[in-house]
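Structure below is input-v8.cif: mmCIF, C-alpha atoms.
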```cif
data_structure
#
loop_
_atom_site.group_PDB
_atom_site.id
_atom_site.type_symbol
_atom_site.label_atom_id
_atom_site.label_comp_id
_atom_site.auth_asym_id
_atom_site.auth_seq_id
_atom_site.Cartn_x
_atom_site.Cartn_y
_atom_site.Cartn_z
ATOM 1 C CA MET J 148 80.137 86.525 88.905
ATOM 2 C CA SER J 149 82.715 88.566 87.062
ATOM 3 C CA HIS J 150 83.122 88.415 83.315
ATOM 4 C CA GLY J 151 86.411 86.652 83.873
ATOM 5 C CA ASP J 152 84.872 83.705 85.618
ATOM 6 C CA VAL J 153 84.934 80.383 83.846
ATOM 7 C CA MET J 154 82.368 77.664 84.403
ATOM 8 C CA MET J 155 84.003 74.278 84.693
ATOM 9 C CA GLU J 156 82.334 71.636 82.602
ATOM 10 C CA GLY J 157 81.240 68.443 84.293
ATOM 11 C CA HIS J 158 80.892 69.946 87.714
ATOM 12 C CA ALA J 159 77.915 71.001 89.678
ATOM 13 C CA PRO J 160 76.484 74.433 88.928
ATOM 14 C CA GLY J 161 78.111 77.063 91.023
ATOM 15 C CA PHE J 162 81.494 75.398 90.975
ATOM 16 C CA THR J 163 83.548 78.010 89.214
ATOM 17 C CA LEU J 164 87.168 78.737 88.663
ATOM 18 C CA GLY J 165 87.558 82.456 89.213
ATOM 19 C CA PRO J 166 90.320 84.662 87.880
ATOM 20 C CA ALA J 167 93.551 84.755 89.807
ATOM 21 C CA PHE J 168 93.539 87.046 92.851
ATOM 22 C CA ALA J 169 89.815 87.601 92.234
ATOM 23 C CA ILE J 170 90.431 90.533 89.948
ATOM 24 C CA PRO J 171 89.053 90.759 86.415
ATOM 25 C CA THR J 172 91.151 89.123 83.732
ATOM 26 C CA LYS J 173 91.837 92.278 81.707
ATOM 27 C CA LYS J 174 93.025 94.094 84.787
ATOM 28 C CA LEU J 175 95.237 91.180 85.827
ATOM 29 C CA ALA J 176 96.712 91.056 82.317
ATOM 30 C CA MET J 177 97.552 94.762 82.494
ATOM 31 C CA TRP J 178 99.166 94.322 85.899
ATOM 32 C CA LEU J 179 101.267 91.432 84.593
ATOM 33 C CA PHE J 180 102.315 93.598 81.642
ATOM 34 C CA ILE J 181 103.196 96.425 84.033
ATOM 35 C CA ILE J 182 105.305 94.076 86.162
ATOM 36 C CA ALA J 183 107.108 92.832 83.039
ATOM 37 C CA ASP J 184 107.610 96.375 81.782
ATOM 38 C CA THR J 185 108.939 97.392 85.177
ATOM 39 C CA MET J 186 111.666 94.816 84.653
ATOM 40 C CA THR J 187 112.445 96.268 81.230
ATOM 41 C CA PHE J 188 112.868 99.780 82.567
ATOM 42 C CA ALA J 189 114.661 98.570 85.682
ATOM 43 C CA GLY J 190 117.092 96.630 83.496
ATOM 44 C CA CYS J 191 117.749 99.715 81.372
ATOM 45 C CA LEU J 192 118.197 102.001 84.379
ATOM 46 C CA VAL J 193 120.468 99.574 86.196
ATOM 47 C CA ALA J 194 122.544 99.124 83.025
ATOM 48 C CA TYR J 195 122.733 102.910 82.777
ATOM 49 C CA GLY J 196 123.834 103.101 86.416
ATOM 50 C CA PHE J 197 126.444 100.423 85.718
ATOM 51 C CA LEU J 198 127.879 102.448 82.820
ATOM 52 C CA ARG J 199 127.708 105.755 84.659
ATOM 53 C CA HIS J 200 129.410 104.355 87.741
ATOM 54 C CA GLY J 201 132.064 102.557 85.716
ATOM 55 C CA THR J 202 132.928 105.444 83.391
ATOM 56 C CA ALA J 203 135.295 108.158 84.473
ATOM 57 C CA ASN J 204 134.361 111.754 83.621
ATOM 58 C CA TRP J 205 130.717 111.093 82.888
ATOM 59 C CA PRO J 206 129.350 114.242 81.196
ATOM 60 C CA ARG J 207 126.878 116.572 82.918
ATOM 61 C CA PRO J 208 125.384 118.447 79.983
ATOM 62 C CA PHE J 209 122.121 119.688 81.514
ATOM 63 C CA HIS J 210 122.187 123.273 82.707
ATOM 64 C CA SER J 211 118.502 124.025 83.047
ATOM 65 C CA ILE J 212 115.772 122.138 84.849
ATOM 66 C CA THR J 213 112.945 124.221 83.387
ATOM 67 C CA ASN J 214 112.057 121.833 80.576
ATOM 68 C CA VAL J 215 112.237 118.633 82.612
ATOM 69 C CA ALA J 216 110.344 120.254 85.496
ATOM 70 C CA LEU J 217 107.594 121.289 83.100
ATOM 71 C CA MET J 218 107.477 117.804 81.586
ATOM 72 C CA THR J 219 107.213 116.273 85.068
ATOM 73 C CA PHE J 220 104.405 118.647 86.007
ATOM 74 C CA ILE J 221 102.497 117.835 82.812
ATOM 75 C CA LEU J 222 102.841 114.079 83.256
ATOM 76 C CA LEU J 223 101.805 114.165 86.918
ATOM 77 C CA THR J 224 98.831 116.343 86.064
ATOM 78 C CA SER J 225 97.831 113.956 83.294
ATOM 79 C CA SER J 226 97.661 111.175 85.892
ATOM 80 C CA LEU J 227 95.210 113.291 87.868
ATOM 81 C CA THR J 228 93.063 113.953 84.800
ATOM 82 C CA MET J 229 93.095 110.207 84.079
ATOM 83 C CA LEU J 230 91.711 109.628 87.574
ATOM 84 C CA PHE J 231 88.988 112.170 86.848
ATOM 85 C CA ALA J 232 88.178 110.306 83.624
ATOM 86 C CA LEU J 233 87.855 107.032 85.522
ATOM 87 C CA ARG J 234 85.708 108.646 88.191
ATOM 88 C CA ALA J 235 83.384 110.090 85.546
ATOM 89 C CA ALA J 236 83.254 106.753 83.702
ATOM 90 C CA LYS J 237 82.315 104.882 86.870
ATOM 91 C CA ALA J 238 79.616 107.468 87.520
ATOM 92 C CA GLY J 239 78.251 106.770 84.030
ATOM 93 C CA ASP J 240 78.989 110.269 82.757
ATOM 94 C CA LYS J 241 80.322 109.361 79.302
ATOM 95 C CA ALA J 242 80.701 112.926 78.049
ATOM 96 C CA ALA J 243 82.772 114.002 81.045
ATOM 97 C CA ALA J 244 84.874 110.828 80.933
ATOM 98 C CA PHE J 245 85.611 111.342 77.242
ATOM 99 C CA ARG J 246 86.492 114.985 77.876
ATOM 100 C CA TRP J 247 88.968 114.050 80.634
ATOM 101 C CA ILE J 248 90.465 111.346 78.420
ATOM 102 C CA LEU J 249 91.021 113.913 75.686
ATOM 103 C CA ILE J 250 92.651 116.280 78.199
ATOM 104 C CA THR J 251 94.921 113.443 79.342
ATOM 105 C CA ALA J 252 95.840 112.625 75.750
ATOM 106 C CA ALA J 253 96.535 116.315 75.064
ATOM 107 C CA ALA J 254 98.860 116.397 78.078
ATOM 108 C CA GLY J 255 100.632 113.326 76.729
ATOM 109 C CA ILE J 256 101.060 114.971 73.336
ATOM 110 C CA LEU J 257 102.419 118.134 74.965
ATOM 111 C CA PHE J 258 104.852 116.024 76.981
ATOM 112 C CA GLY J 259 105.989 114.310 73.795
ATOM 113 C CA LEU J 260 106.481 117.586 71.973
ATOM 114 C CA LEU J 261 108.586 118.990 74.819
ATOM 115 C CA HIS J 262 110.589 115.782 74.803
ATOM 116 C CA VAL J 263 111.237 115.984 71.064
ATOM 117 C CA ARG J 264 112.185 119.664 71.374
ATOM 118 C CA GLU J 265 114.729 118.748 74.033
ATOM 119 C CA TRP J 266 116.125 115.969 71.833
ATOM 120 C CA LEU J 267 116.481 118.355 68.913
ATOM 121 C CA GLN J 268 118.347 120.836 71.112
ATOM 122 C CA LEU J 269 120.789 118.144 72.240
ATOM 123 C CA ILE J 270 121.214 116.856 68.687
ATOM 124 C CA GLY J 271 121.875 120.457 67.646
ATOM 125 C CA GLU J 272 124.669 120.576 70.218
ATOM 126 C CA GLY J 273 126.255 117.552 68.547
ATOM 127 C CA MET J 274 124.886 114.718 70.665
ATOM 128 C CA THR J 275 123.823 111.490 68.941
ATOM 129 C CA MET J 276 123.530 107.848 69.923
ATOM 130 C CA PHE J 277 127.222 107.368 69.190
ATOM 131 C CA LYS J 278 128.976 110.635 70.019
ATOM 132 C CA ASN J 279 128.731 113.823 71.967
ATOM 133 C CA PRO J 280 131.032 116.770 72.475
ATOM 134 C CA TRP J 281 131.352 116.244 76.225
ATOM 135 C CA GLY J 282 133.188 112.930 76.384
ATOM 136 C CA THR J 283 132.072 109.328 76.467
ATOM 137 C CA PRO J 284 129.602 108.402 73.691
ATOM 138 C CA LEU J 285 127.917 106.062 76.168
ATOM 139 C CA PHE J 286 126.075 109.072 77.505
ATOM 140 C CA GLY J 287 124.204 109.716 74.268
ATOM 141 C CA ALA J 288 123.451 106.024 73.806
ATOM 142 C CA SER J 289 122.001 105.595 77.290
ATOM 143 C CA PHE J 290 120.148 108.929 77.255
ATOM 144 C CA PHE J 291 118.403 108.372 73.937
ATOM 145 C CA SER J 292 117.705 104.694 74.692
ATOM 146 C CA ILE J 293 116.017 105.255 78.031
ATOM 147 C CA THR J 294 114.172 108.478 77.231
ATOM 148 C CA GLY J 295 113.256 107.012 73.835
ATOM 149 C CA LEU J 296 111.813 103.909 75.471
ATOM 150 C CA HIS J 297 109.765 106.101 77.777
ATOM 151 C CA LEU J 298 108.630 108.347 74.938
ATOM 152 C CA THR J 299 107.540 105.237 73.028
ATOM 153 C CA HIS J 300 105.390 104.287 75.999
ATOM 154 C CA VAL J 301 103.888 107.782 76.137
ATOM 155 C CA THR J 302 103.128 107.658 72.399
ATOM 156 C CA ALA J 303 101.502 104.233 72.769
ATOM 157 C CA GLY J 304 99.555 105.538 75.746
ATOM 158 C CA VAL J 305 98.254 108.562 73.841
ATOM 159 C CA THR J 306 97.196 106.315 70.958
ATOM 160 C CA ALA J 307 95.450 103.951 73.356
ATOM 161 C CA LEU J 308 93.752 106.866 75.115
ATOM 162 C CA LEU J 309 92.313 108.123 71.852
ATOM 163 C CA VAL J 310 91.223 104.702 70.613
ATOM 164 C CA VAL J 311 89.710 103.543 73.907
ATOM 165 C CA GLY J 312 88.182 106.982 74.520
ATOM 166 C CA VAL J 313 86.400 107.030 71.173
ATOM 167 C CA ARG J 314 85.208 103.448 71.554
ATOM 168 C CA TYR J 315 84.064 104.123 75.107
ATOM 169 C CA LYS J 316 82.076 107.090 73.893
ATOM 170 C CA GLY J 317 80.599 104.908 71.152
ATOM 171 C CA GLY J 318 79.480 102.343 73.710
ATOM 172 C CA ARG J 319 81.857 99.589 72.702
ATOM 173 C CA TYR J 320 84.033 99.855 75.795
ATOM 174 C CA LYS J 321 83.040 100.229 79.423
ATOM 175 C CA ALA J 322 84.365 101.926 82.523
ATOM 176 C CA ASP J 323 86.419 98.794 83.220
ATOM 177 C CA ASP J 324 88.426 99.440 80.073
ATOM 178 C CA ILE J 325 89.095 103.010 81.142
ATOM 179 C CA GLU J 326 90.426 101.680 84.431
ATOM 180 C CA VAL J 327 92.746 99.210 82.701
ATOM 181 C CA LEU J 328 94.021 101.974 80.429
ATOM 182 C CA GLY J 329 94.461 104.222 83.461
ATOM 183 C CA LEU J 330 96.750 101.643 85.041
ATOM 184 C CA TYR J 331 99.035 101.850 82.025
ATOM 185 C CA TRP J 332 99.029 105.654 82.013
ATOM 186 C CA HIS J 333 99.872 105.855 85.718
ATOM 187 C CA PHE J 334 102.672 103.370 85.140
ATOM 188 C CA VAL J 335 104.184 105.639 82.463
ATOM 189 C CA ASP J 336 104.068 108.433 85.027
ATOM 190 C CA LEU J 337 105.616 106.183 87.666
ATOM 191 C CA VAL J 338 108.565 105.298 85.442
ATOM 192 C CA TRP J 339 109.226 108.982 84.787
ATOM 193 C CA MET J 340 109.708 109.470 88.549
ATOM 194 C CA PHE J 341 112.868 107.351 88.242
ATOM 195 C CA VAL J 342 114.023 108.584 84.842
ATOM 196 C CA VAL J 343 114.112 112.231 85.949
ATOM 197 C CA PRO J 344 116.515 111.882 88.889
ATOM 198 C CA LEU J 345 118.744 109.264 87.288
ATOM 199 C CA ILE J 346 119.012 110.629 83.768
ATOM 200 C CA TYR J 347 118.497 114.367 84.207
ATOM 201 C CA LEU J 348 119.125 115.526 87.768
ATOM 202 C CA MET J 349 122.207 113.382 88.382
ATOM 203 C CA ASN J 350 123.691 114.880 85.209
ATOM 204 C CA LEU J 351 122.965 118.465 86.056
ATOM 205 C CA GLY J 352 125.939 120.671 85.350
ATOM 206 C CA LYS J 353 126.378 123.167 88.164
ATOM 207 C CA ALA J 354 127.891 126.576 87.548
ATOM 208 C CA MET A 1206 85.504 97.167 88.215
ATOM 209 C CA THR A 1207 82.557 94.940 88.644
ATOM 210 C CA ALA A 1208 83.687 91.842 90.503
ATOM 211 C CA ALA A 1209 86.699 93.216 92.217
ATOM 212 C CA ASP A 1210 85.637 96.757 92.587
ATOM 213 C CA PRO A 1211 87.605 97.458 95.683
ATOM 214 C CA HIS A 1212 87.800 101.169 95.160
ATOM 215 C CA LYS A 1213 86.259 102.872 98.041
ATOM 216 C CA GLU A 1214 84.917 106.135 96.761
ATOM 217 C CA ALA A 1215 86.894 108.663 98.717
ATOM 218 C CA GLY A 1216 86.067 111.675 96.586
ATOM 219 C CA VAL A 1217 88.174 113.924 94.464
ATOM 220 C CA GLY A 1218 89.789 115.416 97.564
ATOM 221 C CA LYS A 1219 91.933 112.367 98.205
ATOM 222 C CA ASP A 1220 93.125 112.314 94.597
ATOM 223 C CA LEU A 1221 94.079 115.977 94.835
ATOM 224 C CA VAL A 1222 95.947 115.455 98.109
ATOM 225 C CA ILE A 1223 97.970 112.596 96.596
ATOM 226 C CA TYR A 1224 98.594 114.682 93.468
ATOM 227 C CA PHE A 1225 99.945 117.620 95.477
ATOM 228 C CA CYS A 1226 102.066 115.265 97.597
ATOM 229 C CA LEU A 1227 103.560 113.837 94.399
ATOM 230 C CA LEU A 1228 104.233 117.340 93.095
ATOM 231 C CA VAL A 1229 105.988 118.259 96.339
ATOM 232 C CA LEU A 1230 108.077 115.071 96.253
ATOM 233 C CA ALA A 1231 108.983 115.683 92.610
ATOM 234 C CA GLY A 1232 110.021 119.213 93.591
ATOM 235 C CA LEU A 1233 112.092 117.778 96.435
ATOM 236 C CA GLN A 1234 114.106 115.786 93.907
ATOM 237 C CA PHE A 1235 114.980 119.025 92.115
ATOM 238 C CA VAL A 1236 116.022 120.587 95.441
ATOM 239 C CA ILE A 1237 118.266 117.593 96.172
ATOM 240 C CA ALA A 1238 119.878 118.001 92.751
ATOM 241 C CA TYR A 1239 121.190 121.425 93.805
ATOM 242 C CA GLN A 1240 122.557 120.318 97.179
ATOM 243 C CA ASN A 1241 126.311 120.274 97.630
ATOM 244 C CA ILE A 1242 126.641 116.562 98.356
ATOM 245 C CA ASP A 1243 128.545 113.810 96.623
ATOM 246 C CA ALA A 1244 126.940 111.762 93.857
ATOM 247 C CA SER A 1245 126.341 108.627 95.921
ATOM 248 C CA GLN A 1246 124.499 110.550 98.633
ATOM 249 C CA MET A 1247 122.502 112.386 95.983
ATOM 250 C CA LEU A 1248 121.596 109.092 94.307
ATOM 251 C CA VAL A 1249 120.406 107.538 97.557
ATOM 252 C CA ARG A 1250 118.295 110.550 98.505
ATOM 253 C CA MET A 1251 116.735 110.833 95.064
ATOM 254 C CA LEU A 1252 115.967 107.123 94.883
ATOM 255 C CA VAL A 1253 114.345 107.188 98.323
ATOM 256 C CA VAL A 1254 112.105 110.058 97.211
ATOM 257 C CA ALA A 1255 111.379 108.310 93.886
ATOM 258 C CA CYS A 1256 110.432 105.086 95.694
ATOM 259 C CA VAL A 1257 108.049 106.997 97.982
ATOM 260 C CA GLU A 1258 106.540 108.699 94.922
ATOM 261 C CA ALA A 1259 106.189 105.396 93.085
ATOM 262 C CA GLY A 1260 104.651 103.741 96.129
ATOM 263 C CA MET A 1261 102.068 106.500 96.489
ATOM 264 C CA ALA A 1262 101.251 106.399 92.773
ATOM 265 C CA ALA A 1263 100.855 102.610 92.833
ATOM 266 C CA LEU A 1264 98.829 102.495 96.028
ATOM 267 C CA PHE A 1265 96.480 105.392 95.374
ATOM 268 C CA PHE A 1266 96.486 106.308 91.670
ATOM 269 C CA MET A 1267 96.650 102.687 90.519
ATOM 270 C CA HIS A 1268 94.464 101.592 93.457
ATOM 271 C CA LEU A 1269 96.849 98.793 94.358
ATOM 272 C CA GLY A 1270 96.211 99.494 98.026
ATOM 273 C CA ALA A 1271 92.536 98.663 97.538
ATOM 274 C CA GLU A 1272 93.178 95.318 95.856
ATOM 275 C CA ARG A 1273 93.238 92.029 97.717
ATOM 276 C CA ARG A 1274 96.185 91.607 100.026
ATOM 277 C CA GLY A 1275 97.340 88.499 98.163
ATOM 278 C CA PHE A 1276 97.651 90.436 94.926
ATOM 279 C CA LEU A 1277 99.385 93.347 96.656
ATOM 280 C CA LEU A 1278 101.915 90.908 98.108
ATOM 281 C CA PHE A 1279 102.373 89.200 94.745
ATOM 282 C CA VAL A 1280 103.188 92.489 93.002
ATOM 283 C CA ALA A 1281 105.382 93.763 95.817
ATOM 284 C CA VAL A 1282 107.380 90.592 96.431
ATOM 285 C CA PHE A 1283 107.883 89.801 92.747
ATOM 286 C CA THR A 1284 108.894 93.342 91.804
ATOM 287 C CA ILE A 1285 111.200 93.917 94.765
ATOM 288 C CA SER A 1286 112.879 90.510 94.316
ATOM 289 C CA VAL A 1287 113.718 91.182 90.676
ATOM 290 C CA LEU A 1288 114.842 94.746 91.391
ATOM 291 C CA LEU A 1289 117.165 93.437 94.086
ATOM 292 C CA GLY A 1290 118.369 90.732 91.712
ATOM 293 C CA LEU A 1291 119.398 93.400 89.225
ATOM 294 C CA GLN A 1292 121.869 94.855 91.700
ATOM 295 C CA PHE A 1293 124.421 92.092 91.219
ATOM 296 C CA GLY A 1294 126.483 94.125 88.762
ATOM 297 C CA TRP A 1295 127.611 96.984 90.966
ATOM 298 C CA THR A 1296 130.793 95.328 92.150
ATOM 299 C CA ASP A 1297 131.844 94.715 88.566
ATOM 300 C CA SER A 1298 130.992 98.288 87.656
ATOM 301 C CA HIS A 1299 133.215 99.417 90.523
ATOM 302 C CA ARG A 1300 135.988 97.177 89.195
ATOM 303 C CA MET A 1301 135.689 98.860 85.791
ATOM 304 C CA LEU A 1302 136.276 102.224 87.410
ATOM 305 C CA VAL A 1303 139.078 101.508 89.858
ATOM 306 C CA GLY A 1304 140.465 98.187 88.648
ATOM 307 C CA ALA A 1305 140.737 96.775 92.147
ATOM 308 C CA PRO A 1306 140.433 94.562 94.005
ATOM 309 C CA PHE A 1307 138.513 92.214 91.719
ATOM 310 C CA SER A 1308 140.723 92.646 88.658
ATOM 311 C CA LYS A 1309 143.735 90.993 90.217
#
```

Mind turning the file's structure into structure tokens?
Amino acid sequence: MSHGDVMMEGHAPGFTLGPAFAIPTKKLAMWLFIIADTMTFAGCLVAYGFLRHGTANWPRPFHSITNVALMTFILLTSSLTMLFALRAAKAGDKAAAFRWILITAAAGILFGLLHVREWLQLIGEGMTMFKNPWGTPLFGASFFSITGLHLTHVTAGVTALLVVGVRYKGGRYKADDIEVLGLYWHFVDLVWMFVVPLIYLMNLGKA
Amino acid sequence: MTAADPHKEAGVGKDLVIYFCLLVLAGLQFVIAYQNIDASQMLVRMLVVACVEAGMAALFFMHLGAERRGFLLFVAVFTISVLLGLQFGWTDSHRMLVGAPFSK
């Protein structure tokens, strides 16, 4: 019987009401959060597409793909290291699992730093939420909103990685919790797969 | 996980294969960005690649493919339905740009 099972009072022993879809409650809760968060990002990206499609002379300020390519590589690699952490946790190797979690968190921090550096460069060129030197101010608003929402998720993920990692090492959390956290981290990676083409690559200025 | 531990241990090799596939697909998006095609074609191609990437990540990295079929269907049907529902605004966006035919 899973930890999510609930014994129904007044019924014969063995008559249980299991968690929906027969998956543990914590995992189901994370999946429901991911589905809800998918809607949040989808709403933002569709609204961005609406604005971009409906605005003449949408700016294309990006001239280099180096930074975004590096960020993509780091985030994808962090998903792999998260899988390694889960594998080690399921094998009962706490030290290795904690080490992989720390590597994943470090990758997340590096991603965040590259993101902030890119923001500072754009702000230095005169781009803010409400204006930019290339035309419609909607560009700055949508860019900072969507990438900011994603960066918030990365920051929350890094914090969760560190907290859950330390508590897992201390014996308070189990491999199940690493798996639930992994779902969230992979989701952050998954969202980035849509942010990159829509926000960066579609706005690539070609010489 | 304990009760619903559907993850069939396939070894690190499978994870690495999926990882390299995702890297290649991500690289493909960058290649598409430099093609001399119009924006709508570029958007379609990039979104197709992104959907394949997302599907692989969900199925293998998030182990959705190893969950019960009922749950897989629940996630897929619910997500796809809402994503399709969000597409209602394109005609109005088009009207904003060209002012016809819906504005008259």

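Applied to the file shown here, the PyMOL selection byres ((chain J) within 7 of (chain A)) selects Met148, Ser149, Phe168, Ala169, Ile170, Pro171, Ile182, Ala189, Gly190, Val193, Phe197, His200, Gly201, Thr202, Ala203, Leu227, Asp323, Leu330, His333, Leu337, Met340, Phe341, Pro344, Leu348 and Met349 of chain J.
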
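The space between CA of Met229 (chain J) and CA of Trp247 (chain J) spans 6.6 Å.
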
**OP:** Starting from the shown file, work through the PyMOL selection byres ((chain J and resi 276) around 12) and note down what comes out as a list of chain:residue names.
**Re:** J:Trp266, J:Leu269, J:Ile270, J:Gly273, J:Met274, J:Thr275, J:Phe277, J:Lys278, J:Asn279, J:Pro280, J:Thr283, J:Pro284, J:Leu285, J:Phe286, J:Gly287, J:Ala288, J:Ser289, J:Phe290, J:Phe291, J:Ser292, J:Ile293, J:Thr294, J:Gly295

**OP:** Could you state which residues are captured by the PyMOL selection byres ((chain J and resi 188) around 10) in this file, as JSON, numbers by chain?
**Re:** {"J": [183, 184, 185, 186, 187, 189, 190, 191, 192, 193, 194, 293, 296, 297, 338, 341, 342]}

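What separates CA of Ala244 (chain J) from CA of Met218 (chain J) is a distance of 23.7 Å.
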
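Among the candidates J:Val327, J:Leu308, J:Ile212, J:Val301, the one nearest to Gly352 (chain J) when counting only C-alpha atoms is J:Ile212.
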
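In this structure, CA of Ser211 (chain J) sits 16.9 Å away from CA of Phe258 (chain J).
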
Given 6 Å on each side, where is the centre and what are the edge lengths in Å to one decimal of the axis-aligned box enclosing the listed atoms of region 275-282 of chain J, as lines of an AutoDock Vina configuration file?
```
center_x = 128.4
center_y = 112.1
center_z = 72.7
size_x = 21.7
size_y = 21.4
size_z = 19.4
```
